[in-house]
Every structure is written in structure tokens, then in C-alpha cells.
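Listing of my_file-v6.txt, compact mmCIF, C-alpha atoms and all ligand atoms
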# COMPACT_ATOMS: atom_id res chain seq x y z
CA MET A 1 0.00 0.00 0.00
CA THR A 2 1.35 3.45 -0.97
CA LYS A 3 1.88 5.61 2.09
CA GLY A 4 0.21 9.03 2.14
CA ILE A 5 2.03 12.35 2.23
CA LEU A 6 1.90 14.82 5.10
CA TYR A 7 1.47 18.36 3.73
CA VAL A 8 2.19 20.84 6.50
CA VAL A 9 0.99 24.38 5.81
CA SER A 10 2.23 27.18 8.06
CA GLY A 11 2.38 30.94 8.10
CA PRO A 12 1.31 33.93 10.15
CA SER A 13 -2.20 34.30 11.47
CA GLY A 14 -4.44 36.02 8.92
CA VAL A 15 -2.23 35.27 5.91
CA GLY A 16 -4.95 33.11 4.31
CA LYS A 17 -3.98 29.52 5.24
CA SER A 18 -7.54 28.31 5.93
CA SER A 19 -8.95 29.99 2.81
CA ILE A 20 -6.27 28.49 0.56
CA ILE A 21 -6.39 24.99 2.09
CA LYS A 22 -10.20 24.71 2.05
CA ASN A 23 -10.38 25.77 -1.57
CA ALA A 24 -7.52 23.56 -2.78
CA MET A 25 -8.91 20.52 -0.94
CA SER A 26 -12.38 21.00 -2.39
CA LYS A 27 -10.88 20.45 -5.85
CA LEU A 28 -8.98 17.23 -5.06
CA GLU A 29 -9.71 13.69 -3.96
CA GLY A 30 -7.66 11.51 -1.63
CA PHE A 31 -6.83 14.36 0.76
CA SER A 32 -7.92 14.61 4.35
CA PHE A 33 -7.60 17.55 6.77
CA SER A 34 -6.12 16.92 10.20
CA ILE A 35 -8.44 18.52 12.76
CA SER A 36 -6.36 19.78 15.68
CA TYR A 37 -7.21 19.92 19.35
CA THR A 38 -7.16 23.36 20.95
CA THR A 39 -7.85 25.15 24.21
CA ARG A 40 -8.78 28.32 22.28
CA PRO A 41 -12.48 29.22 22.59
CA PRO A 42 -14.47 28.75 19.36
CA ARG A 43 -15.12 31.79 17.17
CA PRO A 44 -18.69 32.46 16.07
CA GLY A 45 -19.52 29.97 13.33
CA GLU A 46 -16.77 27.49 14.23
CA LYS A 47 -17.95 23.94 14.90
CA ASP A 48 -16.48 21.39 17.29
CA GLY A 49 -15.13 18.44 15.31
CA LYS A 50 -15.05 20.41 12.06
CA ASP A 51 -12.70 23.37 12.56
CA TYR A 52 -11.11 22.08 15.76
CA PHE A 53 -11.80 19.78 18.67
CA PHE A 54 -12.34 22.42 21.36
CA ILE A 55 -11.16 21.07 24.72
CA ASP A 56 -10.26 22.50 28.13
CA GLU A 57 -6.76 22.79 29.59
CA LYS A 58 -7.22 19.74 31.81
CA THR A 59 -8.20 17.49 28.91
CA PHE A 60 -5.34 18.86 26.82
CA ASP A 61 -2.78 18.20 29.56
CA LYS A 62 -4.14 14.67 29.99
CA MET A 63 -3.68 14.03 26.26
CA VAL A 64 -0.08 15.27 26.50
CA GLU A 65 0.49 12.94 29.45
CA ASN A 66 -0.94 10.00 27.46
CA ASP A 67 1.36 10.81 24.51
CA GLU A 68 -1.61 11.31 22.16
CA PHE A 69 -0.07 14.20 20.18
CA LEU A 70 2.31 13.90 17.25
CA GLU A 71 3.25 17.48 18.14
CA TYR A 72 1.76 20.24 20.24
CA ALA A 73 2.62 23.85 20.91
CA GLU A 74 1.48 27.02 22.58
CA VAL A 75 0.52 29.49 19.85
CA HIS A 76 -0.69 33.07 20.39
CA GLY A 77 -1.47 32.19 24.04
CA HIS A 78 -3.43 28.95 23.50
CA LYS A 79 -2.50 25.29 23.23
CA TYR A 80 -2.83 23.35 19.97
CA GLY A 81 -2.05 19.72 19.21
CA THR A 82 -2.13 17.21 16.33
CA SER A 83 -3.57 13.74 16.92
CA LYS A 84 -0.86 11.11 16.54
CA LYS A 85 -3.31 8.25 15.93
CA TYR A 86 -5.21 10.06 13.18
CA ILE A 87 -2.01 10.92 11.29
CA LYS A 88 -0.44 7.46 11.58
CA ASP A 89 -3.66 5.63 10.63
CA LYS A 90 -4.44 7.83 7.62
CA ILE A 91 -0.86 7.87 6.31
CA ASN A 92 -0.75 4.07 6.49
CA GLU A 93 -4.09 3.87 4.63
CA GLY A 94 -2.45 5.86 1.82
CA MET A 95 -4.44 9.02 2.52
CA ASN A 96 -2.71 12.37 2.01
CA ILE A 97 -3.08 14.61 5.02
CA VAL A 98 -3.12 18.39 5.16
CA LEU A 99 -2.12 20.10 8.40
CA ASP A 100 -2.63 23.79 9.21
CA ILE A 101 -0.21 24.20 12.10
CA ASP A 102 2.22 26.80 13.37
CA VAL A 103 5.93 27.02 12.53
CA GLN A 104 7.13 25.30 15.73
CA GLY A 105 4.71 22.43 15.06
CA ALA A 106 5.80 22.16 11.42
CA LEU A 107 9.46 21.88 12.37
CA ASN A 108 8.63 19.21 14.96
CA VAL A 109 6.57 17.15 12.49
CA VAL A 110 9.36 17.08 9.89
CA LYS A 111 11.80 15.88 12.56
CA LYS A 112 9.48 13.01 13.46
CA MET A 113 8.37 12.02 9.93
CA PRO A 114 11.01 13.40 7.54
CA LYS A 115 10.23 11.05 4.64
CA GLU A 116 6.51 11.72 4.55
CA THR A 117 6.50 15.46 5.31
CA VAL A 118 6.35 18.41 2.90
CA LEU A 119 6.67 21.87 4.45
CA ILE A 120 4.82 24.75 2.82
CA PHE A 121 5.02 28.35 4.04
CA ILE A 122 2.38 30.94 3.18
CA ALA A 123 3.63 34.53 3.38
CA PRO A 124 1.76 37.81 3.00
CA PRO A 125 2.79 40.29 0.26
CA SER A 126 3.57 42.80 3.04
CA TYR A 127 3.28 43.25 6.77
CA SER A 128 0.69 46.00 6.36
CA GLU A 129 -1.46 43.75 4.15
CA LEU A 130 -1.31 41.04 6.84
CA LYS A 131 -2.50 43.54 9.42
CA LYS A 132 -5.31 44.66 7.14
CA ARG A 133 -6.52 41.08 6.56
CA LEU A 134 -6.48 40.26 10.26
CA MET A 135 -8.39 43.45 11.08
CA ASN A 136 -10.92 42.86 8.29
CA ARG A 137 -11.52 39.29 9.44
CA GLY A 138 -12.65 40.83 12.71
CA THR A 139 -12.30 37.66 14.79
CA GLU A 140 -9.73 38.92 17.29
CA LYS A 141 -9.86 41.52 20.03
CA GLU A 142 -7.22 44.27 20.01
CA LYS A 143 -4.97 42.37 22.45
CA ASP A 144 -5.07 39.09 20.48
CA LEU A 145 -4.49 40.95 17.25
CA LYS A 146 -1.31 42.50 18.66
CA ILE A 147 -0.04 39.09 19.83
CA ARG A 148 -0.67 37.57 16.37
CA LEU A 149 1.14 40.39 14.58
CA ALA A 150 4.10 40.25 16.96
CA ASP A 151 4.36 36.45 16.52
CA ALA A 152 4.32 36.90 12.72
CA LYS A 153 7.81 38.43 12.81
CA TRP A 154 9.37 35.31 14.31
CA GLU A 155 7.36 33.03 12.01
CA LEU A 156 8.52 34.91 8.91
CA SER A 157 12.14 34.50 10.04
CA LYS A 158 11.82 30.70 9.60
CA ILE A 159 10.85 30.70 5.92
CA ASN A 160 14.15 29.14 4.83
CA GLU A 161 13.41 25.94 6.71
CA PHE A 162 10.42 25.24 4.44
CA ASP A 163 10.36 23.33 1.12
CA TYR A 164 7.96 25.71 -0.62
CA LEU A 165 6.99 29.35 -0.30
CA ILE A 166 3.67 30.70 -1.52
CA VAL A 167 3.12 34.46 -1.37
CA ASN A 168 -0.61 34.92 -1.00
CA GLU A 169 -1.20 38.09 -2.95
CA ASP A 170 -3.87 36.82 -5.36
CA LEU A 171 -5.96 34.16 -3.64
CA ASN A 172 -6.68 32.12 -6.81
CA GLU A 173 -3.02 32.04 -7.74
CA ALA A 174 -2.10 30.88 -4.24
CA ILE A 175 -4.73 28.11 -4.42
CA ASN A 176 -3.35 26.95 -7.77
CA GLN A 177 0.17 26.96 -6.40
CA LEU A 178 -0.85 24.80 -3.44
CA ILE A 179 -2.63 22.35 -5.75
CA SER A 180 0.51 22.20 -7.92
CA ILE A 181 2.65 21.35 -4.89
CA PHE A 182 0.18 18.65 -3.82
CA ILE A 183 0.30 17.00 -7.24
CA ALA A 184 4.03 17.42 -7.93
CA GLU A 185 4.99 15.84 -4.61
CA GLN A 186 2.95 12.75 -5.47
CA ILE A 187 4.98 12.08 -8.60
CA LYS A 188 8.44 12.63 -7.12
CA THR A 189 10.66 9.85 -8.47
CA GLU A 190 11.62 8.61 -5.02
CA ARG A 191 7.96 8.15 -4.09
CA VAL A 192 6.90 6.62 -7.40
CA THR A 193 9.77 4.11 -7.64
CA GLU A 194 8.89 2.71 -4.23
CA HIS A 195 5.59 1.53 -5.63
CA LEU A 196 6.30 0.43 -9.17
CA GLY A 197 5.02 -3.12 -8.80
CA LYS A 198 2.02 -2.58 -11.03
CA TYR A 199 3.94 -0.99 -13.92
CA SER A 200 5.73 -3.25 -16.36
CA PHE A 201 7.93 -0.57 -17.96
CA PHE A 202 10.13 -0.74 -14.92
CA LYS A 203 11.14 -4.32 -15.85
CA PHE A 204 12.25 -3.16 -19.29
CA GLU A 205 10.32 -5.98 -20.93
CA GLU A 206 9.30 -5.92 -24.56
CA GLU A 207 5.55 -6.20 -24.87
N1 LIG A 301 1.58 23.45 16.54
C1 LIG A 301 0.30 23.47 16.18
N2 LIG A 301 -0.24 24.59 15.72
C2 LIG A 301 -1.54 24.57 15.34
C3 LIG A 301 -2.34 23.40 15.43
N3 LIG A 301 -3.58 23.71 14.99
C4 LIG A 301 -3.56 25.00 14.62
N4 LIG A 301 -2.34 25.54 14.83
C5 LIG A 301 -1.86 26.89 14.54
O1 LIG A 301 -2.28 27.77 15.55
C6 LIG A 301 -2.33 29.10 15.02
C7 LIG A 301 -3.62 29.76 15.42
O2 LIG A 301 -4.70 29.16 14.75
P1 LIG A 301 -6.16 29.76 14.89
O3 LIG A 301 -6.48 29.92 16.33
O4 LIG A 301 -7.09 28.93 14.08
O5 LIG A 301 -6.01 31.22 14.31
P2 LIG A 301 -5.68 31.83 12.86
O6 LIG A 301 -4.36 31.29 12.41
O7 LIG A 301 -5.64 33.28 13.13
O8 LIG A 301 -6.81 31.44 11.94
C8 LIG A 301 -2.14 28.95 13.51
O9 LIG A 301 -0.79 29.26 13.21
C9 LIG A 301 -2.42 27.51 13.26
O10 LIG A 301 -1.70 27.05 12.13
C10 LIG A 301 -1.72 22.21 15.94
O11 LIG A 301 -2.31 21.15 16.06
N5 LIG A 301 -0.42 22.32 16.30
N1 LIG A 302 -5.25 36.82 -1.26
C1 LIG A 302 -6.07 37.43 -0.41
N2 LIG A 302 -6.39 38.72 -0.59
C2 LIG A 302 -7.20 39.36 0.29
N3 LIG A 302 -7.75 38.79 1.39
C3 LIG A 302 -7.46 37.51 1.62
C4 LIG A 302 -6.62 36.75 0.74
N4 LIG A 302 -6.51 35.49 1.24
C5 LIG A 302 -7.26 35.45 2.36
N5 LIG A 302 -7.84 36.65 2.59
C6 LIG A 302 -8.71 37.04 3.74
O1 LIG A 302 -7.83 37.22 4.86
C7 LIG A 302 -8.46 36.83 6.07
C8 LIG A 302 -7.60 35.79 6.77
O2 LIG A 302 -7.64 34.56 6.05
P1 LIG A 302 -7.67 33.15 6.78
O3 LIG A 302 -7.84 32.12 5.73
O4 LIG A 302 -8.63 33.16 7.93
O5 LIG A 302 -6.15 33.14 7.36
P2 LIG A 302 -5.38 32.15 8.35
O6 LIG A 302 -6.07 30.82 8.28
O7 LIG A 302 -3.99 32.11 7.80
O8 LIG A 302 -5.43 32.77 9.70
C9 LIG A 302 -9.84 36.29 5.70
O9 LIG A 302 -10.79 37.31 5.94
C10 LIG A 302 -9.71 35.99 4.20
O10 LIG A 302 -10.94 36.09 3.54
Let me see the structure of the file written as C-alpha cells.
Ligand SMILES: Nc1nc2c(ncn2[C@@H]2O[C@H](COP(=O)(O)OP(=O)(O)O)[C@@H](O)[C@H]2O)c(=O)[nH]1
Ligand SMILES: Nc1ncnc2c1ncn2[C@@H]1O[C@H](COP(=O)(O)OP(=O)(O)O)[C@@H](O)[C@H]1O
Amino acid sequence: MTKGILYVVSGPSGVGKSSIIKNAMSKLEGFSFSISYTTRPPRPGEKDGKDYFFIDEKTFDKMVENDEFLEYAEVHGHKYGTSKKYIKDKINEGMNIVLDIDVQGALNVVKKMPKETVLIFIAPPSYSELKKRLMNRGTEKEKDLKIRLADAKWELSKINEFDYLIVNEDLNEAINQLISIFIAEQIKTERVTEHLGKYSFFKFEEE
């Protein structure tokens, strides 16, 4: 069975990660989104089990204790974690997984699963545009907005550790670029040659 690929998408808050991922995934089959656990309160319109699994601090700490996270981190003042079981099961079933996690989480995932992981960074065209998008989204209070913008500086300093960089200026172009990465990674020679059993050309036989 062909193993799935772990596509890890990171970038500052408000850059457009969710918008790009949702759109790209709606156009492809064989991709599954990893729903994280978080202690952050839900925003209006967010649903438990769809956007996140919303849990309290005690439950989160218990999950850490039970080693249930592939990675977890504190981001913008709240805790977030990726389910280890979900990732391992899906990858082994051959499903491609998309993660929307922060930079610390991304760098931890690639350490744990280097062969399966592809790191994709989404950057804003400018810092002022990032600020504008976050303000327009209107989901954060002044204090949380400031934290997210301050954290963006550190996140942007880690771009060079990523395999791909998408600058989200035009949303449609960014979506197409993400889809291109998804597809190109599937046909990398090293991945394809591992699973050539069904193709006869590899045996150089005359038909
Ligand atoms: N390390 C880690 N980061 C996560 C996880 N889930 C979400 N995040 C990140 O946490 C940050 C905050 O996410 P969220 O609260 O949805 O706010 P938003 O980025 O402003 O939409 C983002 O950078 C997410 O990518 C996770 O399981 N692990
Ligand atoms: N290319 C773009 N141009 C203008 N606005 C955008 C673009 N991409 C996303 N947005 C808007 O920016 C805001 C933040 O996007 P979102 O997907 O929530 O970001 P993230 O998941 O990275 O926090 C949303 O209001 C979204 O509609």
C-alpha cells in the first residue's frame, strides 16, 4: 500500500492559510484535513469536530500525558495539538493529510516524519497587508491581534526551513500553487519508484 504524504501548511495568522487549504482541498480527492485539538475558545460559526476539537486545559494536559499528540505547541497564548493516531492511521491507509499548524509544530513534524513530510510556508505580500486582513476578518480583540502580529515576525524568520513558499497576494493564484505542490509531490521519483510493482515498464520488458 502506498503511504500518504503529510502536507504541512504554516504561516502567520491572517495570511490566508484556511482559505487556501479549504479551496484547494475541495478540488482534489484523496486528501484529508487533520483537525487539531485546541484550548482556544471557538469563534462564532466554528464547529467542534469540524474546525477544531475544542477542549479544556485539563483534557489537553491529559492528552499530553498519554502521549496522544504527534506534536503540540502554545501558539498566540493557547494550546494546539495534532492527533498522533489520526495521522499514523491515515498515512498508512495511503491518505494524504493536510495540516494547518504553526511554525514550531511544522518543524517538529518534519523531525518526526522526515520522509513523509512536505513543508509549505504561506507569506503575505507585506506586513501592512497582513495587518489589514487580520483586522478585516474581525475575529480577534485588540490584544489578540497584537499578539498575532508580533508572533508573525518570528514566524517569517523561519521561511528558509520550508520546502515551498507561496506568497498569498492573489488568492486564486495561491490556491493553484498549493494544488501544484500537492500534485508534484505525489509524482516525485523517489515516491513513485517505491511503488512500481504494477507498472511493467520498470522491468524493461518488450511487450
Ligand atoms: N503546533 C500546532 N499549531 C496549530 C495546530 N492547529 C492550529 N495551529 C496553529 O495555531 C495558530 C492559530 O490558529 P487559529 O487559532 O485557528 O487562528 P488563525 O491562524 O488566526 O486562523 C495557527 O498558526 C495555526 O496554524 C496544531 O495542532 N499544532
Ligand atoms: N489573497 C487574499 N487577498 C485578500 N484577502 C485575503 C486573501 N486570502 C485570504 N484573505 C482574507 O484574509 C483573512 C484571513 O484569512 P484566513 O484564511 O482566515 O487566514 P489564516 O487561516 O492564515 O489565519 C480572511 O478574511 C480571508 O478572507
(message) I want to know what sits within 12 Å of region 55-63 of chain A, based on only C-alpha atoms, with residues of the same chain fewer than 2 positions away left out; could you give that as a ChimeraX atom specification?
(response) /A:36-42,48-49,52-53,65-74,78-85
Can those selected residues be exported to a file as a compact mmCIF listing (two decimals), in the frame of the given file so that it contains C-alpha atoms?
# COMPACT_ATOMS: atom_id res chain seq x y z
CA SER A 36 -6.36 19.78 15.68
CA TYR A 37 -7.21 19.92 19.35
CA THR A 38 -7.16 23.36 20.95
CA THR A 39 -7.85 25.15 24.21
CA ARG A 40 -8.78 28.32 22.28
CA PRO A 41 -12.48 29.22 22.59
CA PRO A 42 -14.47 28.75 19.36
CA ASP A 48 -16.48 21.39 17.29
CA GLY A 49 -15.13 18.44 15.31
CA TYR A 52 -11.11 22.08 15.76
CA PHE A 53 -11.80 19.78 18.67
CA GLU A 65 0.49 12.94 29.45
CA ASN A 66 -0.94 10.00 27.46
CA ASP A 67 1.36 10.81 24.51
CA GLU A 68 -1.61 11.31 22.16
CA PHE A 69 -0.07 14.20 20.18
CA LEU A 70 2.31 13.90 17.25
CA GLU A 71 3.25 17.48 18.14
CA TYR A 72 1.76 20.24 20.24
CA ALA A 73 2.62 23.85 20.91
CA GLU A 74 1.48 27.02 22.58
CA HIS A 78 -3.43 28.95 23.50
CA LYS A 79 -2.50 25.29 23.23
CA TYR A 80 -2.83 23.35 19.97
CA GLY A 81 -2.05 19.72 19.21
CA THR A 82 -2.13 17.21 16.33
CA SER A 83 -3.57 13.74 16.92
CA LYS A 84 -0.86 11.11 16.54
CA LYS A 85 -3.31 8.25 15.93
(request) Do a neighbour search on Asn176 (chain A) at 12 Å with only C-alpha atoms, toss out local chain neighbours closer than 3 positions, and write the hits as JSON, numbers by chain. (result) {"A": [20, 21, 23, 24, 25, 27, 28, 166, 167, 168, 170, 171, 172, 173, 179, 180, 181, 182, 183]}
(message) I'd like the interatomic distance between CA of Val103 (chain A) and CA of Ser10 (chain A), to a tenth of an Å.
(response)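 Distance reported for this atom pair: 5.8 Å.
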(request) Could you tell me how far atom P1 of ligand LIG 302 (chain A) lies from CA of Tyr86 (chain A), in Å and to one decimal? (result)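 These two atoms are separated by 24.1 Å.
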(request) Within 6 Å of (2.9, 17.0, 2.9) (coordinates as in the file), grab all the protein and nucleic acid residues, counting all atoms listed in the file, and write them out as a list in words. (result) Ile5, Leu6, Tyr7, Val8, Thr117 and Val118 of chain A
(request) For atom C10 of ligand LIG 302 (chain A) and CA of Gln186 (chain A), quote the distance in Å rounded to one decimal. (result) 28.2 Å
Would you give me, as CSV, each residue of chain A having an atom within 12 Å of an atom of ligand LIG 302 (chain A), along with its shortest atom pair and that distance in Å to one decimal, using all atoms listed in the file and sorting by chain and residue number?
residue,atom,partner,partner_atom,distance
A:Val9,CA,A:LIG302,O7,9.4
A:Ser10,CA,A:LIG302,O7,7.9
A:Gly11,CA,A:LIG302,O7,6.5
A:Pro12,CA,A:LIG302,O7,6.1
A:Ser13,CA,A:LIG302,O8,4.0
A:Gly14,CA,A:LIG302,O8,3.5
A:Val15,CA,A:LIG302,O7,4.1
A:Gly16,CA,A:LIG302,O5,3.3
A:Lys17,CA,A:LIG302,O7,3.6
A:Ser18,CA,A:LIG302,O6,3.7
A:Ser19,CA,A:LIG302,O3,3.8
A:Ile20,CA,A:LIG302,O3,6.5
A:Ile21,CA,A:LIG302,O3,8.1
A:Lys22,CA,A:LIG302,O3,8.6
A:Asn23,CA,A:LIG302,O3,10.0
A:Arg43,CA,A:LIG302,O4,11.4
A:Glu46,CA,A:LIG302,O4,11.8
A:Asp51,CA,A:LIG302,O6,10.9
A:His76,CA,A:LIG302,O8,11.7
A:Leu99,CA,A:LIG302,O6,11.4
A:Asp100,CA,A:LIG302,O6,7.9
A:Ile101,CA,A:LIG302,O6,9.6
A:Asp102,CA,A:LIG302,O7,9.9
A:Phe121,CA,A:LIG302,O7,10.5
A:Ile122,CA,A:LIG302,O7,8.0
A:Ala123,CA,A:LIG302,O7,9.1
A:Pro124,CA,A:LIG302,N1,8.3
A:Pro125,CA,A:LIG302,N1,8.9
A:Ser126,CA,A:LIG302,N2,11.4
A:Ser128,CA,A:LIG302,C2,12.0
A:Glu129,CA,A:LIG302,C2,8.2
A:Leu130,CA,A:LIG302,O1,7.8
A:Lys131,CA,A:LIG302,O1,9.4
A:Lys132,CA,A:LIG302,O1,8.2
A:Arg133,CA,A:LIG302,O1,4.4
A:Leu134,CA,A:LIG302,C7,5.8
A:Met135,CA,A:LIG302,C7,8.3
A:Asn136,CA,A:LIG302,O9,6.0
A:Arg137,CA,A:LIG302,O9,4.1
A:Gly138,CA,A:LIG302,O9,7.9
A:Thr139,CA,A:LIG302,O9,9.0
A:Glu140,CA,A:LIG302,O8,10.7
A:Leu145,CA,A:LIG302,O8,11.2
A:Arg148,CA,A:LIG302,O8,9.5
A:Leu149,CA,A:LIG302,O8,11.2
A:Ala152,CA,A:LIG302,O7,10.8
A:Ile166,CA,A:LIG302,N1,10.8
A:Val167,CA,A:LIG302,N1,8.7
A:Asn168,CA,A:LIG302,N1,5.0
A:Glu169,CA,A:LIG302,N1,4.6
A:Asp170,CA,A:LIG302,N1,4.3
A:Leu171,CA,A:LIG302,N1,3.6
A:Asn172,CA,A:LIG302,N1,7.4
A:Glu173,CA,A:LIG302,N1,8.4
A:Ala174,CA,A:LIG302,N1,7.4
A:Ile175,CA,A:LIG302,N1,9.3
A:Asn176,CA,A:LIG302,N1,12.0
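If you measure from each of A:Asn160, A:Gln177, A:Ser34, A:Thr2 to ligand LIG 301 (chain A) using all atoms listed in the file, the closest one turns out to be A:Ser34.
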